[in-house]
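Structure record follows, encoded as structure tokens.
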Amino acid sequence: MRYLPIHFDLRGKTVFVYGGDRAAEAKLRTLLKTDANLVVISETPGEEIRRWAEQGRLTIVADADLSTASLIYAATEYPNENYRIAETARAVGIPVNAADQPAGCDFITPAIVDRSPVAVSIGTEGTSPALARALKSDLESRLPSSLGETSKTIKNLRDQLKVDEPDIAKRQALWATVLGSGLGDYAELDSDTVTARYNTARQLSAPQETSVGHVHIVGAGPGDPDLLTVGALRVMHSADVVVYDRLVSDEVMSLCRREAEFIYVGKIPGGVSTRQDEINRIIVEKAQAGESVVRLKSGDPLVFGRAEEEFAALDGAGIGFTIHPGITAATAAAASLRHSLTVRGENTAATLATGHDEQGFAELDWTALAKPNARATIYMGLRAARFIQGRLLLHGASPETPVAVVENASRANEIIVATTLSQLPDDLTSNGIKGPAVVMIGYDRRPSAVALKAAS
Ligand code: SAH
């Protein structure tokens, strides 16, 4: 190891950054996260740097006495100039980094995964910046954004424990119990869980394995794994049990931890289904057994997902849960249509409605939906299509109202049917649309740039 990774305290210290362009800006983006007193030496600083100066986050000067700095970055756009600054800095003994000049560097800035006060630095001693970026992106996706908060909670608990438990070996054993071996458990490391585990471990005279189960209610999105959130992916990677619905795609399923127990609770419209109270029972029991449960629901769990019933069951059993929102079918379908759900000056509301409720076809506010420019996305609306058409026409909607049906939004087998209200039921039949699909009233399909070019 030629370079020693150290975490250098910059509070109250001055850092010089030479240069006002892209290279300087890149260095400053990292340095702005620190407590350093930042001085930019440039006669022509770029817009971003000037904006930071206006915000009082750094000062810009044309020239300065280099010996007053603790660290120096030579980040002008001119390699020779950077080298020259590095030479001068070294002559007065101040550590210097020269952009794109490995030979002119006393130190290099690593790739950083910032969960302040937790920071992971990754360096390859310049051998492969691409490898450093890949490692960084892997860690970014696995370390929860709450890690910094968790570390502060741990500090408070440690301070308390030092008073309560003088035996250092016992303290260390307790922390090993609370934090485990780490790997794969990051998603569990939020402040509440750590505090609960800590309290349990303290209650038991000898430190031992604790079992606090937790349920993650996770939005699996419409099917394309690219639409998962980073947080969803993280908890899927570390799940003990995955309880999943029919509409969760195979691609998304394949991203769950392989060793997990998989429980299918799909509800098939008009077919065999798992009753909601059975689902509630499963997630409660698995969590009570100390497992980390991922309840994977298609789209966004909070949109036509009966999530409230699962929350109530978990609350009733005193089990903690975290909600991970997902991309709902309406937004994925709108993206496929290349249209916005709301259009300024046209619709002031974008309704998300269901075609079905417990009573049968759902009665919606037809007067509002029949108005020109009204826009609504109807879930579970295929069987109700003729009913919806009849109601809207009865309430004065134009037969020419555009309607788009998006089946399997975001998936490889996605189909878009762009039709009108008068043609809706026939076009569903002629295109063999079976679902899952959303019926989007008032939306059409924006032609692709290629199609537009061909037409002109
Ligand atoms: N929570 C889900 C909705 C569940 S209700 C969400 O936020 O998307 C089930 C209905 O969602 C289906 O009947 C269909 O109308 C819609 N849906 C789910 N996935 C879809 C997809 N990939 N494409 C189009 N519609 C979908």
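To be explicit about the labels: the chains of the structure tokens are called A, B, and onward in the order shown, and within each one the residues are counted from 1, while ligands get numbers from 1 in the order they are shown.
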
Compile a residue-level contact table for segment 73-101 of chain A against segment 11-35 of chain A at a cut-off of 10 Å, reporting for every qualifying residue the shortest atom pair and its distance in Å to one decimal, with only C-alpha atoms counted, rows ordered by chain and ascending number, as a tab-separated table.
residue	atom	partner	partner_atom	distance
A:Tyr73	CA	A:Val17	CA	4.7
A:Ala74	CA	A:Tyr18	CA	4.9
A:Ala75	CA	A:Ala24	CA	4.9
A:Thr76	CA	A:Gly19	CA	3.9
A:Glu77	CA	A:Ala23	CA	6.8
A:Tyr78	CA	A:Gly19	CA	9.0
A:Glu81	CA	A:Tyr18	CA	9.6
A:Asn82	CA	A:Tyr18	CA	8.1
A:Ile85	CA	A:Tyr18	CA	8.4
A:Val96	CA	A:Phe16	CA	9.4
A:Asn97	CA	A:Val17	CA	9.5
A:Ala98	CA	A:Tyr18	CA	9.4
A:Ala99	CA	A:Ala23	CA	7.2
A:Asp100	CA	A:Ala23	CA	9.3

**Request:** Write out as a ChimeraX atom specification each polymer residue whose atoms come within 8 Å of Ala418 of chain A, counting only C-alpha atoms; drop sequence neighbours fewer than 4 positions from it.
**Result:** /A:402-405,444-445

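The two atoms in question, atom CA of Tyr264 of chain A and atom CA of Thr328 of chain A, are spaced 20.6 Å apart.
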
key: Polymer residues at most 8 Å from Val438 of chain A, only C-alpha atoms, same-chain spacing of 2 or more positions, as JSON, numbers by chain   = {"A": [329, 330, 333, 377, 378, 379, 380, 381, 382, 405, 406, 407, 435, 436, 440]}

So that I have them on file, write out the residues from the current selection with N, CA and C atoms, as an mmCIF file, in the first residue's frame.
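The new file result28.cif reads:
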data_model
loop_
_atom_site.group_PDB
_atom_site.id
_atom_site.type_symbol
_atom_site.label_atom_id
_atom_site.label_comp_id
_atom_site.auth_asym_id
_atom_site.auth_seq_id
_atom_site.Cartn_x
_atom_site.Cartn_y
_atom_site.Cartn_z
ATOM 1 N N ALA A 329 -48.528 1.606 -11.561
ATOM 2 C CA ALA A 329 -48.798 1.311 -12.976
ATOM 3 C C ALA A 329 -49.109 2.588 -13.766
ATOM 4 N N ALA A 330 -49.818 3.537 -13.139
ATOM 5 C CA ALA A 330 -50.211 4.750 -13.868
ATOM 6 C C ALA A 330 -48.996 5.542 -14.340
ATOM 7 N N ALA A 333 -47.182 3.593 -17.061
ATOM 8 C CA ALA A 333 -47.940 3.608 -18.315
ATOM 9 C C ALA A 333 -47.835 4.987 -18.969
ATOM 10 N N THR A 377 -56.781 7.403 -14.686
ATOM 11 C CA THR A 377 -56.191 6.086 -14.957
ATOM 12 C C THR A 377 -56.991 5.069 -14.167
ATOM 13 N N ILE A 378 -57.538 4.104 -14.878
ATOM 14 C CA ILE A 378 -58.384 3.129 -14.200
ATOM 15 C C ILE A 378 -57.665 1.791 -14.103
ATOM 16 N N TYR A 379 -57.457 1.370 -12.857
ATOM 17 C CA TYR A 379 -56.852 0.078 -12.552
ATOM 18 C C TYR A 379 -57.968 -0.959 -12.549
ATOM 19 N N MET A 380 -57.611 -2.187 -12.845
ATOM 20 C CA MET A 380 -58.583 -3.280 -12.810
ATOM 21 C C MET A 380 -59.834 -2.890 -13.610
ATOM 22 N N GLY A 381 -59.604 -2.262 -14.757
ATOM 23 C CA GLY A 381 -60.725 -1.684 -15.494
ATOM 24 C C GLY A 381 -61.112 -2.430 -16.762
ATOM 25 N N LEU A 382 -60.476 -3.578 -17.037
ATOM 26 C CA LEU A 382 -60.757 -4.236 -18.320
ATOM 27 C C LEU A 382 -62.188 -4.749 -18.402
ATOM 28 N N VAL A 405 -54.872 2.284 -23.558
ATOM 29 C CA VAL A 405 -54.804 1.127 -22.668
ATOM 30 C C VAL A 405 -53.373 0.621 -22.725
ATOM 31 N N VAL A 406 -52.757 0.495 -21.551
ATOM 32 C CA VAL A 406 -51.381 -0.007 -21.521
ATOM 33 C C VAL A 406 -51.374 -1.327 -20.764
ATOM 34 N N GLU A 407 -51.041 -2.372 -21.486
ATOM 35 C CA GLU A 407 -50.962 -3.699 -20.880
ATOM 36 C C GLU A 407 -49.505 -4.020 -20.602
ATOM 37 N N GLY A 435 -54.670 -8.146 -19.704
ATOM 38 C CA GLY A 435 -54.166 -7.557 -18.474
ATOM 39 C C GLY A 435 -52.909 -8.275 -17.995
ATOM 40 N N PRO A 436 -52.258 -7.721 -16.985
ATOM 41 C CA PRO A 436 -52.653 -6.506 -16.284
ATOM 42 C C PRO A 436 -52.557 -5.269 -17.189
ATOM 43 N N MET A 440 -56.597 4.351 -19.596
ATOM 44 C CA MET A 440 -56.280 5.755 -19.305
ATOM 45 C C MET A 440 -57.174 6.676 -20.130
#

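For the atom pair formed by atom CA of Ala412 of chain A and atom 21 (C, counted along the ligand's line) of ligand 1, the distance is 11.1 Å, given to one decimal.
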
Can you list every residue in segment 6-241 of chain A that DSSP puts in helix (DSSP H, G or I), as a PDB file with C-alpha atoms, in the first residue's frame?
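Below you can see result27.pdb, which holds the result:
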ATOM      1  CA  ARG A  22     -14.822  21.771 -14.234  1.00  0.00           C
ATOM      2  CA  ALA A  23     -11.871  20.121 -12.458  1.00  0.00           C
ATOM      3  CA  ALA A  24     -12.033  22.589  -9.565  1.00  0.00           C
ATOM      4  CA  GLU A  25     -15.797  22.256  -9.398  1.00  0.00           C
ATOM      5  CA  ALA A  26     -15.538  18.460  -9.102  1.00  0.00           C
ATOM      6  CA  LYS A  27     -13.095  18.726  -6.174  1.00  0.00           C
ATOM      7  CA  LEU A  28     -15.270  21.365  -4.523  1.00  0.00           C
ATOM      8  CA  ARG A  29     -18.350  19.159  -4.660  1.00  0.00           C
ATOM      9  CA  THR A  30     -16.633  16.809  -2.226  1.00  0.00           C
ATOM     10  CA  LEU A  31     -14.925  19.521  -0.192  1.00  0.00           C
ATOM     11  CA  GLU A  47     -21.200  29.802 -12.566  1.00  0.00           C
ATOM     12  CA  GLU A  48     -21.560  26.982  -9.999  1.00  0.00           C
ATOM     13  CA  ILE A  49     -18.535  28.192  -8.057  1.00  0.00           C
ATOM     14  CA  ARG A  50     -19.838  31.779  -8.077  1.00  0.00           C
ATOM     15  CA  ARG A  51     -23.202  30.531  -6.827  1.00  0.00           C
ATOM     16  CA  TRP A  52     -21.501  28.704  -3.922  1.00  0.00           C
ATOM     17  CA  ALA A  53     -19.619  31.910  -3.116  1.00  0.00           C
ATOM     18  CA  GLU A  54     -22.912  33.857  -3.086  1.00  0.00           C
ATOM     19  CA  LEU A  66      -0.250  29.578  -0.309  1.00  0.00           C
ATOM     20  CA  SER A  67       1.504  29.009   3.024  1.00  0.00           C
ATOM     21  CA  THR A  68      -1.720  29.738   4.963  1.00  0.00           C
ATOM     22  CA  PRO A  79      -1.635  20.447 -16.433  1.00  0.00           C
ATOM     23  CA  ASN A  80       1.595  22.449 -16.467  1.00  0.00           C
ATOM     24  CA  GLU A  81       0.097  25.090 -14.214  1.00  0.00           C
ATOM     25  CA  ASN A  82      -1.101  22.393 -11.805  1.00  0.00           C
ATOM     26  CA  TYR A  83       2.352  20.889 -11.745  1.00  0.00           C
ATOM     27  CA  ARG A  84       3.884  24.290 -11.020  1.00  0.00           C
ATOM     28  CA  ILE A  85       1.456  24.954  -8.139  1.00  0.00           C
ATOM     29  CA  ALA A  86       2.248  21.499  -6.754  1.00  0.00           C
ATOM     30  CA  GLU A  87       5.990  22.261  -6.813  1.00  0.00           C
ATOM     31  CA  THR A  88       5.469  25.539  -4.972  1.00  0.00           C
ATOM     32  CA  ALA A  89       3.226  23.906  -2.368  1.00  0.00           C
ATOM     33  CA  ARG A  90       5.710  21.163  -1.758  1.00  0.00           C
ATOM     34  CA  ALA A  91       8.475  23.704  -1.326  1.00  0.00           C
ATOM     35  CA  PRO A 102      -0.165  11.598 -10.434  1.00  0.00           C
ATOM     36  CA  ALA A 103       3.490  12.563 -10.123  1.00  0.00           C
ATOM     37  CA  GLY A 104       2.518  15.915  -8.646  1.00  0.00           C
ATOM     38  CA  PRO A 129     -10.983   4.807 -11.410  1.00  0.00           C
ATOM     39  CA  ALA A 130     -13.719   2.748 -13.138  1.00  0.00           C
ATOM     40  CA  LEU A 131     -13.298  -0.054 -10.570  1.00  0.00           C
ATOM     41  CA  ALA A 132     -13.509   2.498  -7.754  1.00  0.00           C
ATOM     42  CA  ARG A 133     -16.736   3.857  -9.257  1.00  0.00           C
ATOM     43  CA  ALA A 134     -18.214   0.353  -9.566  1.00  0.00           C
ATOM     44  CA  LEU A 135     -17.371  -0.410  -5.931  1.00  0.00           C
ATOM     45  CA  LYS A 136     -18.821   2.912  -4.884  1.00  0.00           C
ATOM     46  CA  SER A 137     -22.069   2.328  -6.733  1.00  0.00           C
ATOM     47  CA  ASP A 138     -22.369  -1.153  -5.210  1.00  0.00           C
ATOM     48  CA  LEU A 139     -21.911   0.241  -1.700  1.00  0.00           C
ATOM     49  CA  GLU A 140     -24.210   3.198  -2.422  1.00  0.00           C
ATOM     50  CA  SER A 141     -27.010   0.786  -3.191  1.00  0.00           C
ATOM     51  CA  ARG A 142     -26.384  -1.382  -0.136  1.00  0.00           C
ATOM     52  CA  LEU A 147     -26.661   4.801   8.398  1.00  0.00           C
ATOM     53  CA  GLY A 148     -25.312   8.140   9.633  1.00  0.00           C
ATOM     54  CA  GLU A 149     -28.274   8.584  11.972  1.00  0.00           C
ATOM     55  CA  THR A 150     -27.824   5.034  13.193  1.00  0.00           C
ATOM     56  CA  SER A 151     -24.180   5.670  14.000  1.00  0.00           C
ATOM     57  CA  LYS A 152     -25.164   8.707  16.077  1.00  0.00           C
ATOM     58  CA  THR A 153     -27.687   6.589  17.970  1.00  0.00           C
ATOM     59  CA  ILE A 154     -24.975   4.006  18.582  1.00  0.00           C
ATOM     60  CA  LYS A 155     -22.670   6.694  19.921  1.00  0.00           C
ATOM     61  CA  ASN A 156     -25.293   7.795  22.446  1.00  0.00           C
ATOM     62  CA  LEU A 157     -25.918   4.212  23.516  1.00  0.00           C
ATOM     63  CA  ARG A 158     -22.166   3.605  23.830  1.00  0.00           C
ATOM     64  CA  ASP A 159     -21.762   6.662  26.051  1.00  0.00           C
ATOM     65  CA  GLN A 160     -24.545   5.352  28.244  1.00  0.00           C
ATOM     66  CA  LEU A 161     -23.144   1.817  28.309  1.00  0.00           C
ATOM     67  CA  LYS A 162     -19.695   3.037  29.359  1.00  0.00           C
ATOM     68  CA  VAL A 163     -21.318   4.414  32.505  1.00  0.00           C
ATOM     69  CA  ASP A 164     -23.513   1.348  33.139  1.00  0.00           C
ATOM     70  CA  ILE A 168     -14.957  -3.559  28.399  1.00  0.00           C
ATOM     71  CA  ALA A 169     -15.134  -7.217  27.303  1.00  0.00           C
ATOM     72  CA  LYS A 170     -18.821  -7.316  28.223  1.00  0.00           C
ATOM     73  CA  ARG A 171     -19.437  -4.088  26.341  1.00  0.00           C
ATOM     74  CA  GLN A 172     -17.752  -5.491  23.249  1.00  0.00           C
ATOM     75  CA  ALA A 173     -19.754  -8.722  23.462  1.00  0.00           C
ATOM     76  CA  LEU A 174     -22.966  -6.733  23.736  1.00  0.00           C
ATOM     77  CA  TRP A 175     -22.176  -4.701  20.634  1.00  0.00           C
ATOM     78  CA  ALA A 176     -21.318  -7.863  18.718  1.00  0.00           C
ATOM     79  CA  THR A 177     -24.778  -9.146  19.615  1.00  0.00           C
ATOM     80  CA  VAL A 178     -26.544  -5.938  18.668  1.00  0.00           C
ATOM     81  CA  LEU A 179     -24.752  -5.306  15.391  1.00  0.00           C
ATOM     82  CA  TYR A 186     -27.467  -3.240   6.647  1.00  0.00           C
ATOM     83  CA  ALA A 187     -31.129  -2.626   5.942  1.00  0.00           C
ATOM     84  CA  GLU A 188     -31.905  -3.705   9.498  1.00  0.00           C
ATOM     85  CA  SER A 191     -31.884   3.609  14.790  1.00  0.00           C
ATOM     86  CA  ASP A 192     -35.089   2.030  16.087  1.00  0.00           C
ATOM     87  CA  THR A 193     -33.963  -1.522  15.406  1.00  0.00           C
ATOM     88  CA  VAL A 194     -30.535  -0.945  16.905  1.00  0.00           C
ATOM     89  CA  THR A 195     -32.060   0.628  20.020  1.00  0.00           C
ATOM     90  CA  ALA A 196     -34.568  -2.222  20.376  1.00  0.00           C
ATOM     91  CA  ARG A 197     -31.832  -4.835  20.012  1.00  0.00           C
ATOM     92  CA  TYR A 198     -29.660  -2.944  22.452  1.00  0.00           C
ATOM     93  CA  ASN A 199     -32.436  -2.838  25.039  1.00  0.00           C
ATOM     94  CA  THR A 200     -33.161  -6.535  24.611  1.00  0.00           C
ATOM     95  CA  ALA A 201     -29.495  -7.437  24.905  1.00  0.00           C
ATOM     96  CA  ARG A 202     -29.182  -5.321  28.054  1.00  0.00           C
ATOM     97  CA  GLN A 203     -32.188  -7.001  29.635  1.00  0.00           C
ATOM     98  CA  PRO A 225     -36.415  -4.117 -12.338  1.00  0.00           C
ATOM     99  CA  ASP A 226     -34.882  -0.763 -13.331  1.00  0.00           C
ATOM    100  CA  LEU A 227     -37.904   0.836 -11.697  1.00  0.00           C
ATOM    101  CA  VAL A 230     -32.439   1.456  -4.209  1.00  0.00           C
ATOM    102  CA  GLY A 231     -33.963   0.892  -0.760  1.00  0.00           C
ATOM    103  CA  ALA A 232     -36.296  -1.814  -2.071  1.00  0.00           C
ATOM    104  CA  LEU A 233     -33.389  -3.626  -3.649  1.00  0.00           C
ATOM    105  CA  ARG A 234     -31.413  -3.455  -0.453  1.00  0.00           C
ATOM    106  CA  VAL A 235     -34.088  -5.060   1.716  1.00  0.00           C
ATOM    107  CA  MET A 236     -34.800  -7.647  -1.004  1.00  0.00           C
ATOM    108  CA  HIS A 237     -31.125  -8.612  -0.858  1.00  0.00           C
TER     109      HIS A 237
END

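Across A:Arg257, A:Arg275, A:Lys453, A:Arg246, the tightest approach to ligand 1 is made by A:Arg246 when counting only C-alpha atoms and all ligand atoms.
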
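Comparing the minimum interatomic distances between Ala332 of chain A and each of A:Ser116, A:Gly299, A:Arg386, A:Gln288, counting only C-alpha atoms, we find that A:Gly299 sits nearest.
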
From the list A:Glu414, A:Asp300, A:Asp250, A:Glu165, the nearest residue to ligand 1 using only C-alpha atoms and all ligand atoms is A:Asp300

Every residue of segment 89-278 of chain A that DSSP places in strand (DSSP E), as a PyMOL selection string
chain A and resi 96-98+111-115+118-122+214-219+241-244+261-264

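Closest to ligand 1 among A:Ala289, A:Cys256, A:Ala334, A:Leu394 is A:Ala334, based on only C-alpha atoms and all ligand atoms.
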
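Using only C-alpha atoms and all ligand atoms for every distance, the candidate list A:Ala350, A:Leu392, A:Ala307, A:Leu421 yields A:Ala307 as the residue closest to ligand 1.
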
Restricting to only C-alpha atoms and all ligand atoms, whichever of A:Ser422, A:Thr322, A:Ser336, A:Thr342 is closest to ligand 1 is A:Ser336

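Straight-line separation from atom 24 (C, counted along the ligand's line) of ligand 1 to atom CA of Lys297 of chain A: 13.8 Å.
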
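Using only C-alpha atoms, the residues found no farther than 8 Å from Val248 of chain A, other than those of its own chain fewer than 2 positions away, are Ala220, Gly221, Pro222, Gly223, Tyr244, Asp245, Arg246, Asp250, Val252, Met253, Leu296, Lys297 and Ser298 of chain A.
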
The selected residues should be written to file as a PDB file, in the first residue's frame (atoms: N, CA, C and O atoms).
ATOM      1  N   ALA A 220     -42.859  -3.238  -5.670  1.00  0.00           N
ATOM      2  CA  ALA A 220     -42.032  -3.950  -6.649  1.00  0.00           C
ATOM      3  C   ALA A 220     -42.064  -3.260  -8.002  1.00  0.00           C
ATOM      4  O   ALA A 220     -41.376  -3.679  -8.926  1.00  0.00           O
ATOM      5  N   GLY A 221     -42.891  -2.214  -8.133  1.00  0.00           N
ATOM      6  CA  GLY A 221     -43.010  -1.531  -9.417  1.00  0.00           C
ATOM      7  C   GLY A 221     -43.798  -2.373 -10.410  1.00  0.00           C
ATOM      8  O   GLY A 221     -44.264  -3.467 -10.095  1.00  0.00           O
ATOM      9  N   PRO A 222     -43.924  -1.858 -11.643  1.00  0.00           N
ATOM     10  CA  PRO A 222     -44.786  -2.516 -12.629  1.00  0.00           C
ATOM     11  C   PRO A 222     -44.142  -3.727 -13.298  1.00  0.00           C
ATOM     12  O   PRO A 222     -44.824  -4.444 -14.022  1.00  0.00           O
ATOM     13  N   GLY A 223     -42.860  -3.965 -13.100  1.00  0.00           N
ATOM     14  CA  GLY A 223     -42.270  -5.162 -13.704  1.00  0.00           C
ATOM     15  C   GLY A 223     -40.806  -5.012 -14.066  1.00  0.00           C
ATOM     16  O   GLY A 223     -39.992  -5.874 -13.764  1.00  0.00           O
ATOM     17  N   TYR A 244     -45.041 -12.615  -1.672  1.00  0.00           N
ATOM     18  CA  TYR A 244     -45.200 -11.842  -2.910  1.00  0.00           C
ATOM     19  C   TYR A 244     -46.517 -12.092  -3.625  1.00  0.00           C
ATOM     20  O   TYR A 244     -47.145 -13.129  -3.485  1.00  0.00           O
ATOM     21  N   ASP A 245     -46.869 -11.083  -4.441  1.00  0.00           N
ATOM     22  CA  ASP A 245     -48.138 -11.097  -5.174  1.00  0.00           C
ATOM     23  C   ASP A 245     -47.975 -11.645  -6.591  1.00  0.00           C
ATOM     24  O   ASP A 245     -46.878 -11.758  -7.109  1.00  0.00           O
ATOM     25  N   ARG A 246     -49.111 -11.863  -7.227  1.00  0.00           N
ATOM     26  CA  ARG A 246     -49.142 -12.409  -8.583  1.00  0.00           C
ATOM     27  C   ARG A 246     -48.462 -11.494  -9.600  1.00  0.00           C
ATOM     28  O   ARG A 246     -47.791 -11.946 -10.513  1.00  0.00           O
ATOM     29  N   ASP A 250     -41.040 -11.809 -12.735  1.00  0.00           N
ATOM     30  CA  ASP A 250     -39.967 -12.780 -12.474  1.00  0.00           C
ATOM     31  C   ASP A 250     -38.623 -12.084 -12.335  1.00  0.00           C
ATOM     32  O   ASP A 250     -37.794 -12.469 -11.512  1.00  0.00           O
ATOM     33  N   VAL A 252     -37.999  -9.161 -11.188  1.00  0.00           N
ATOM     34  CA  VAL A 252     -37.891  -8.555  -9.856  1.00  0.00           C
ATOM     35  C   VAL A 252     -37.690  -9.657  -8.818  1.00  0.00           C
ATOM     36  O   VAL A 252     -36.832  -9.539  -7.931  1.00  0.00           O
ATOM     37  N   MET A 253     -38.428 -10.742  -8.945  1.00  0.00           N
ATOM     38  CA  MET A 253     -38.289 -11.842  -7.986  1.00  0.00           C
ATOM     39  C   MET A 253     -36.853 -12.353  -7.941  1.00  0.00           C
ATOM     40  O   MET A 253     -36.331 -12.693  -6.883  1.00  0.00           O
ATOM     41  N   LEU A 296     -43.710  -8.109  -0.752  1.00  0.00           N
ATOM     42  CA  LEU A 296     -43.490  -7.517  -2.063  1.00  0.00           C
ATOM     43  C   LEU A 296     -44.820  -7.382  -2.798  1.00  0.00           C
ATOM     44  O   LEU A 296     -45.485  -8.370  -3.098  1.00  0.00           O
ATOM     45  N   LYS A 297     -45.191  -6.129  -3.070  1.00  0.00           N
ATOM     46  CA  LYS A 297     -46.470  -5.872  -3.738  1.00  0.00           C
ATOM     47  C   LYS A 297     -46.216  -5.158  -5.049  1.00  0.00           C
ATOM     48  O   LYS A 297     -45.337  -4.310  -5.137  1.00  0.00           O
ATOM     49  N   SER A 298     -47.008  -5.472  -6.065  1.00  0.00           N
ATOM     50  CA  SER A 298     -46.753  -4.878  -7.382  1.00  0.00           C
ATOM     51  C   SER A 298     -46.980  -3.368  -7.332  1.00  0.00           C
ATOM     52  O   SER A 298     -47.756  -2.862  -6.517  1.00  0.00           O
TER      53      SER A 298
END

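Near Glu261 of chain A, within 10 Å and counting only C-alpha atoms, sit A:Ala239, A:Asp240, A:Val241, A:Val242, A:Val243, A:Arg257, A:Val293, not including residues fewer than 4 positions from it in the same chain.
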
Would you save the residues from that selection as an mmCIF file, in the first residue's frame, using all heavy atoms?
data_model
loop_
_atom_site.group_PDB
_atom_site.id
_atom_site.type_symbol
_atom_site.label_atom_id
_atom_site.label_comp_id
_atom_site.auth_asym_id
_atom_site.auth_seq_id
_atom_site.Cartn_x
_atom_site.Cartn_y
_atom_site.Cartn_z
ATOM 1 N N ALA A 239 -33.549 -10.234 2.686
ATOM 2 C CA ALA A 239 -34.777 -10.793 3.262
ATOM 3 C C ALA A 239 -34.591 -12.228 3.735
ATOM 4 O O ALA A 239 -33.856 -13.000 3.130
ATOM 5 C CB ALA A 239 -35.877 -10.757 2.205
ATOM 6 N N ASP A 240 -35.270 -12.567 4.839
ATOM 7 C CA ASP A 240 -35.358 -13.974 5.259
ATOM 8 C C ASP A 240 -36.575 -14.619 4.604
ATOM 9 O O ASP A 240 -36.565 -15.806 4.285
ATOM 10 C CB ASP A 240 -35.525 -14.088 6.787
ATOM 11 C CG ASP A 240 -34.328 -13.539 7.527
ATOM 12 O OD1 ASP A 240 -33.206 -13.749 7.052
ATOM 13 O OD2 ASP A 240 -34.524 -12.890 8.571
ATOM 14 N N VAL A 241 -37.651 -13.818 4.506
ATOM 15 C CA VAL A 241 -38.898 -14.332 3.940
ATOM 16 C C VAL A 241 -39.408 -13.306 2.927
ATOM 17 O O VAL A 241 -39.372 -12.105 3.188
ATOM 18 C CB VAL A 241 -39.971 -14.503 5.047
ATOM 19 C CG1 VAL A 241 -41.264 -15.072 4.460
ATOM 20 C CG2 VAL A 241 -39.468 -15.393 6.167
ATOM 21 N N VAL A 242 -39.855 -13.777 1.766
ATOM 22 C CA VAL A 242 -40.453 -12.887 0.770
ATOM 23 C C VAL A 242 -41.887 -13.344 0.529
ATOM 24 O O VAL A 242 -42.122 -14.479 0.113
ATOM 25 C CB VAL A 242 -39.670 -12.926 -0.563
ATOM 26 C CG1 VAL A 242 -40.306 -11.987 -1.589
ATOM 27 C CG2 VAL A 242 -38.206 -12.551 -0.333
ATOM 28 N N VAL A 243 -42.829 -12.469 0.834
ATOM 29 C CA VAL A 243 -44.247 -12.787 0.644
ATOM 30 C C VAL A 243 -44.701 -11.953 -0.546
ATOM 31 O O VAL A 243 -44.692 -10.724 -0.483
ATOM 32 C CB VAL A 243 -45.042 -12.407 1.917
ATOM 33 C CG1 VAL A 243 -46.518 -12.765 1.754
ATOM 34 C CG2 VAL A 243 -44.460 -13.113 3.144
ATOM 35 N N ARG A 257 -33.033 -12.194 -2.202
ATOM 36 C CA ARG A 257 -32.009 -13.108 -1.683
ATOM 37 C C ARG A 257 -32.434 -14.554 -1.949
ATOM 38 O O ARG A 257 -33.534 -14.960 -1.587
ATOM 39 C CB ARG A 257 -31.865 -12.864 -0.178
ATOM 40 C CG ARG A 257 -30.762 -13.635 0.439
ATOM 41 C CD ARG A 257 -30.527 -13.177 1.877
ATOM 42 N NE ARG A 257 -30.028 -14.289 2.643
ATOM 43 C CZ ARG A 257 -30.563 -14.731 3.757
ATOM 44 N NH1 ARG A 257 -31.622 -14.134 4.275
ATOM 45 N NH2 ARG A 257 -30.047 -15.764 4.375
ATOM 46 N N VAL A 293 -38.974 -9.811 7.076
ATOM 47 C CA VAL A 293 -39.977 -10.151 6.069
ATOM 48 C C VAL A 293 -40.076 -9.046 5.020
ATOM 49 O O VAL A 293 -40.199 -7.870 5.363
ATOM 50 C CB VAL A 293 -41.367 -10.329 6.737
ATOM 51 C CG1 VAL A 293 -42.424 -10.709 5.700
ATOM 52 C CG2 VAL A 293 -41.308 -11.367 7.847
#
